[in-house]
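Trainee: Take this structure, written in structure tokens, and hold onto it; I'll ask about it next.
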Amino acid sequence: MPSVFIIIVNWNGFWDTSECIRSILNISYDNYTIIVVDNGSDKDESKELAKIFSEVITLRSETNLGFAGGNNLGIEYALGKGADYILLLNNDTTVEKDFLNILVDSASNNKNIGITVPQINYYNEPHKIWSAGGTISKIRGSGFAETNTWENKVERKDKSVSFVSGCCMLIKKEVIKKVGMFDEMFFLYVEDTDLCFRVLKAGYSINVVSKTKIYHKIKGSTRNNFSVLPLYYTTRNRLYFAKKNFGSIYLLTVLYIFTIMLLKSFGWVFTGKLMN
């Protein structure tokens, strides 16, 4: 069995991270190592996690490095320890017992595959799909996945896509060495789109394996009823991604995002969200 290092970034998410770890400890795959990166939590949660889960390696960053930087810290450690595969996994997920066997088998049987992912369903609605891969839009400056679909409404089959969520990614060691880790300029959001774009550009494919799935709680540490933090980073990063990768198309992205944000702003004013 190839060695798989599972990287979980934790930021003030002790209980979610604990549940995620417990689900991983029940998987049928043998050759794996869990790394939890405590990404500048208000209290050093890595110490408490290390006490409870002796099998887990914990790393601590005293400052919040963002999703990109937190994962990069874990990736760098894993590569230094001889990982064959890196599995990036959100801390607010749980997994099925055989999910890693299926992902590794799929990736190992095709040298052209750079990233392999499962279907991701809602934690509270386990038969409803949250993400099953999607596409990258140059004009919109981001990747967009198929969402909010019941499993029995779609054909379950493996497929190649141009975008998958950073919520769960199995990445081959040689792919990371060739294309690099996350671009830390993104800090939060759209960094997964940028990585997917670089993987495709390097000649690899990105595959969704339909016969396995994980479950995502979809609440996130940055979200509430209305928060300017996701809004700021998604807007900024979509512009950065387009400017970085698409040349003159960037101007169309600026026009598109400006128009959409103007329309949304009117909606927020009329619904009172800007007053919250």
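In the structure tokens, the first chain shown is A, the next is B, and so on; residue numbers restart at 1 for each chain, and ligands run from 1 in the order shown.
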List the spatial neighbours of range 86-88 of chain A as a short mmCIF file (atom, residue, chain, number, x, y, z; two decimals) with N, CA, C and O atoms, in the first residue's frame - criterion: any atom at most 9 Å away, only C-alpha atoms, same-chain residues fewer than 3 positions off excluded.

Mentor:
```cif
data_model
loop_
_atom_site.label_atom_id
_atom_site.label_comp_id
_atom_site.auth_asym_id
_atom_site.auth_seq_id
_atom_site.Cartn_x
_atom_site.Cartn_y
_atom_site.Cartn_z
N SER A 3 2.05 4.98 0.87
CA SER A 3 1.86 5.76 2.09
C SER A 3 1.06 7.02 1.78
O SER A 3 1.36 7.75 0.85
N VAL A 4 0.03 7.26 2.58
CA VAL A 4 -0.85 8.41 2.42
C VAL A 4 -0.77 9.26 3.69
O VAL A 4 -1.00 8.76 4.79
N PHE A 5 -0.44 10.53 3.52
CA PHE A 5 -0.46 11.46 4.64
C PHE A 5 -1.72 12.30 4.53
O PHE A 5 -1.91 13.00 3.53
N ILE A 6 -2.56 12.22 5.55
CA ILE A 6 -3.84 12.93 5.57
C ILE A 6 -3.66 14.22 6.35
O ILE A 6 -3.31 14.21 7.53
N ILE A 7 -3.88 15.34 5.67
CA ILE A 7 -3.64 16.65 6.27
C ILE A 7 -4.97 17.33 6.60
O ILE A 7 -5.81 17.53 5.71
N ILE A 8 -5.15 17.67 7.86
CA ILE A 8 -6.35 18.34 8.33
C ILE A 8 -5.93 19.67 8.95
O ILE A 8 -5.12 19.69 9.88
N VAL A 9 -6.47 20.76 8.43
CA VAL A 9 -6.17 22.08 8.99
C VAL A 9 -7.27 22.44 9.99
O VAL A 9 -8.45 22.41 9.66
N ASN A 71 -2.40 24.27 4.83
CA ASN A 71 -2.21 23.01 4.10
C ASN A 71 -0.76 22.86 3.62
O ASN A 71 -0.20 21.77 3.68
N ILE A 75 1.71 19.75 3.95
CA ILE A 75 2.24 19.10 2.75
C ILE A 75 3.76 19.03 2.81
O ILE A 75 4.37 17.99 2.51
N ALA A 78 4.79 16.34 5.19
CA ALA A 78 4.51 15.00 4.66
C ALA A 78 5.51 14.59 3.59
O ALA A 78 5.99 13.45 3.57
N LEU A 79 5.84 15.51 2.70
CA LEU A 79 6.82 15.18 1.65
C LEU A 79 8.18 14.88 2.26
O LEU A 79 8.92 14.01 1.79
N ALA A 83 6.00 10.75 1.92
CA ALA A 83 4.63 10.44 1.49
C ALA A 83 4.57 10.11 0.01
O ALA A 83 5.22 10.76 -0.81
N GLY A 166 -11.20 21.89 -2.69
CA GLY A 166 -10.10 21.57 -1.79
C GLY A 166 -10.57 20.90 -0.52
O GLY A 166 -9.75 20.53 0.33
N CYS A 167 -11.87 20.71 -0.36
CA CYS A 167 -12.42 20.01 0.80
C CYS A 167 -11.83 18.62 0.94
O CYS A 167 -11.58 18.14 2.05
N CYS A 168 -11.59 17.94 -0.19
CA CYS A 168 -10.96 16.62 -0.17
C CYS A 168 -10.26 16.39 -1.49
O CYS A 168 -10.89 16.38 -2.55
N MET A 169 -8.94 16.23 -1.44
CA MET A 169 -8.14 15.99 -2.63
C MET A 169 -7.06 14.95 -2.33
O MET A 169 -6.29 15.12 -1.37
N LEU A 170 -7.00 13.89 -3.11
CA LEU A 170 -5.87 12.96 -3.05
C LEU A 170 -4.92 13.32 -4.18
O LEU A 170 -5.29 13.25 -5.35
N ILE A 171 -3.70 13.72 -3.83
CA ILE A 171 -2.74 14.24 -4.81
C ILE A 171 -1.46 13.39 -4.78
O ILE A 171 -0.92 13.11 -3.70
N LYS A 172 -1.01 13.00 -5.95
CA LYS A 172 0.23 12.23 -6.03
C LYS A 172 1.44 13.11 -5.70
O LYS A 172 1.47 14.29 -6.03
N LYS A 173 2.42 12.49 -5.07
CA LYS A 173 3.63 13.19 -4.68
C LYS A 173 4.30 13.87 -5.86
O LYS A 173 4.68 15.05 -5.77
N ILE A 176 2.66 17.23 -6.94
CA ILE A 176 2.99 18.39 -6.11
C ILE A 176 4.41 18.87 -6.42
O ILE A 176 4.67 20.08 -6.49
#
```

Trainee: From the DSSP assignment of the backbone, select every residue of range 31-102 of chain A that is alpha helix (DSSP H), and format the answer as a count of residues only.

Mentor: 27

Trainee: What is the distance, in Å and to one decimal place, between CA of Phe163 in chain A and CA of Gly143 in chain A?

Mentor: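 Between CA of Phe163 in chain A and CA of Gly143 in chain A the gap works out to 5.6 Å.
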
Trainee: Do you know which residues are at most 6 Å from Trp130 in chain A counting only C-alpha atoms, after dropping those on the same chain fewer than 2 positions away, and could you put them as number ranges by chain?

Mentor: A: 120-122, 147-148

Trainee: Write to file, as a PDB file, in the first residue's frame, the residues of the selection just made, with all heavy atoms.

Mentor:
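Saved as result-v2.pdb:
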```pdb
ATOM      1  N   ILE A 120     -18.758  14.329  -2.631  1.00  0.00           N
ATOM      2  CA  ILE A 120     -18.912  14.939  -1.311  1.00  0.00           C
ATOM      3  C   ILE A 120     -20.388  15.248  -1.092  1.00  0.00           C
ATOM      4  O   ILE A 120     -20.996  16.012  -1.851  1.00  0.00           O
ATOM      5  CB  ILE A 120     -18.079  16.229  -1.187  1.00  0.00           C
ATOM      6  CG1 ILE A 120     -16.607  15.937  -1.518  1.00  0.00           C
ATOM      7  CG2 ILE A 120     -18.207  16.805   0.226  1.00  0.00           C
ATOM      8  CD1 ILE A 120     -15.746  17.189  -1.575  1.00  0.00           C
ATOM      9  N   ASN A 121     -20.955  14.641  -0.058  1.00  0.00           N
ATOM     10  CA  ASN A 121     -22.367  14.843   0.257  1.00  0.00           C
ATOM     11  C   ASN A 121     -22.517  15.703   1.511  1.00  0.00           C
ATOM     12  O   ASN A 121     -21.572  15.892   2.273  1.00  0.00           O
ATOM     13  CB  ASN A 121     -23.069  13.500   0.483  1.00  0.00           C
ATOM     14  CG  ASN A 121     -23.340  12.768  -0.813  1.00  0.00           C
ATOM     15  OD1 ASN A 121     -22.775  13.089  -1.859  1.00  0.00           O
ATOM     16  ND2 ASN A 121     -24.198  11.763  -0.759  1.00  0.00           N
ATOM     17  N   TYR A 122     -23.724  16.201   1.710  1.00  0.00           N
ATOM     18  CA  TYR A 122     -24.018  16.981   2.908  1.00  0.00           C
ATOM     19  C   TYR A 122     -24.040  16.069   4.134  1.00  0.00           C
ATOM     20  O   TYR A 122     -24.633  14.990   4.109  1.00  0.00           O
ATOM     21  CB  TYR A 122     -25.382  17.671   2.774  1.00  0.00           C
ATOM     22  CG  TYR A 122     -25.391  18.838   1.821  1.00  0.00           C
ATOM     23  CD1 TYR A 122     -25.747  18.665   0.484  1.00  0.00           C
ATOM     24  CD2 TYR A 122     -25.074  20.119   2.255  1.00  0.00           C
ATOM     25  CE1 TYR A 122     -25.780  19.734  -0.400  1.00  0.00           C
ATOM     26  CE2 TYR A 122     -25.104  21.196   1.377  1.00  0.00           C
ATOM     27  CZ  TYR A 122     -25.449  20.995   0.052  1.00  0.00           C
ATOM     28  OH  TYR A 122     -25.469  22.049  -0.814  1.00  0.00           O
ATOM     29  N   THR A 147     -23.787  20.942  -7.504  1.00  0.00           N
ATOM     30  CA  THR A 147     -24.212  20.923  -6.108  1.00  0.00           C
ATOM     31  C   THR A 147     -25.724  20.742  -5.984  1.00  0.00           C
ATOM     32  O   THR A 147     -26.465  20.879  -6.959  1.00  0.00           O
ATOM     33  CB  THR A 147     -23.835  22.234  -5.389  1.00  0.00           C
ATOM     34  OG1 THR A 147     -24.461  23.329  -6.082  1.00  0.00           O
ATOM     35  CG2 THR A 147     -22.331  22.449  -5.402  1.00  0.00           C
ATOM     36  N   ASN A 148     -26.133  20.441  -4.754  1.00  0.00           N
ATOM     37  CA  ASN A 148     -27.559  20.394  -4.383  1.00  0.00           C
ATOM     38  C   ASN A 148     -28.378  19.461  -5.269  1.00  0.00           C
ATOM     39  O   ASN A 148     -29.467  19.809  -5.718  1.00  0.00           O
ATOM     40  CB  ASN A 148     -28.158  21.806  -4.412  1.00  0.00           C
ATOM     41  CG  ASN A 148     -27.514  22.710  -3.381  1.00  0.00           C
ATOM     42  OD1 ASN A 148     -27.232  22.287  -2.268  1.00  0.00           O
ATOM     43  ND2 ASN A 148     -27.269  23.949  -3.761  1.00  0.00           N
TER      44      ASN A 148
END
```

Trainee: For range 95-109 of chain A, work out the shell of residues within 9 Å, counting only C-alpha atoms and skipping chain neighbours fewer than 2 positions away, then give it as a ChimeraX atom specification.

Mentor: /A:1-2,4,20,23-29,85,93,111-118,170-172,207,209,211-215

Trainee: As an exercise, work out the distance from CA of Val254 in chain A to CA of Ile139 in chain A in Å and give it to one decimal place.

Mentor: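 Taking CA of Val254 in chain A and CA of Ile139 in chain A, their separation equals 8.6 Å.
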
Trainee: Quick one: pick out all strand (DSSP E or B) residues within range 77-198 of chain A from a backbone DSSP run and write them as number ranges by chain.

Mentor: A: 85-89, 93-95, 113-122, 128-131, 134-137, 142-145, 149-150, 159-161, 163, 168-172

Trainee: Pick the closest to Ser205 in chain A from A:Val154, A:Leu65, A:Ile257, A:Val175: which is it, counting only C-alpha atoms?

Mentor: A:Val175

Trainee: Using only C-alpha atoms for the distances, tell me which of A:Phe144, A:Tyr204, A:Tyr233, A:Phe53 is nearest to Ile35 in chain A.

Mentor: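 Among the listed residues, A:Phe53 lies closest to Ile35 in chain A.
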
Trainee: Take CA of Val164 in chain A and CA of Gly133 in chain A and report the distance between them in Å, one decimal.

Mentor: 4.6 Å
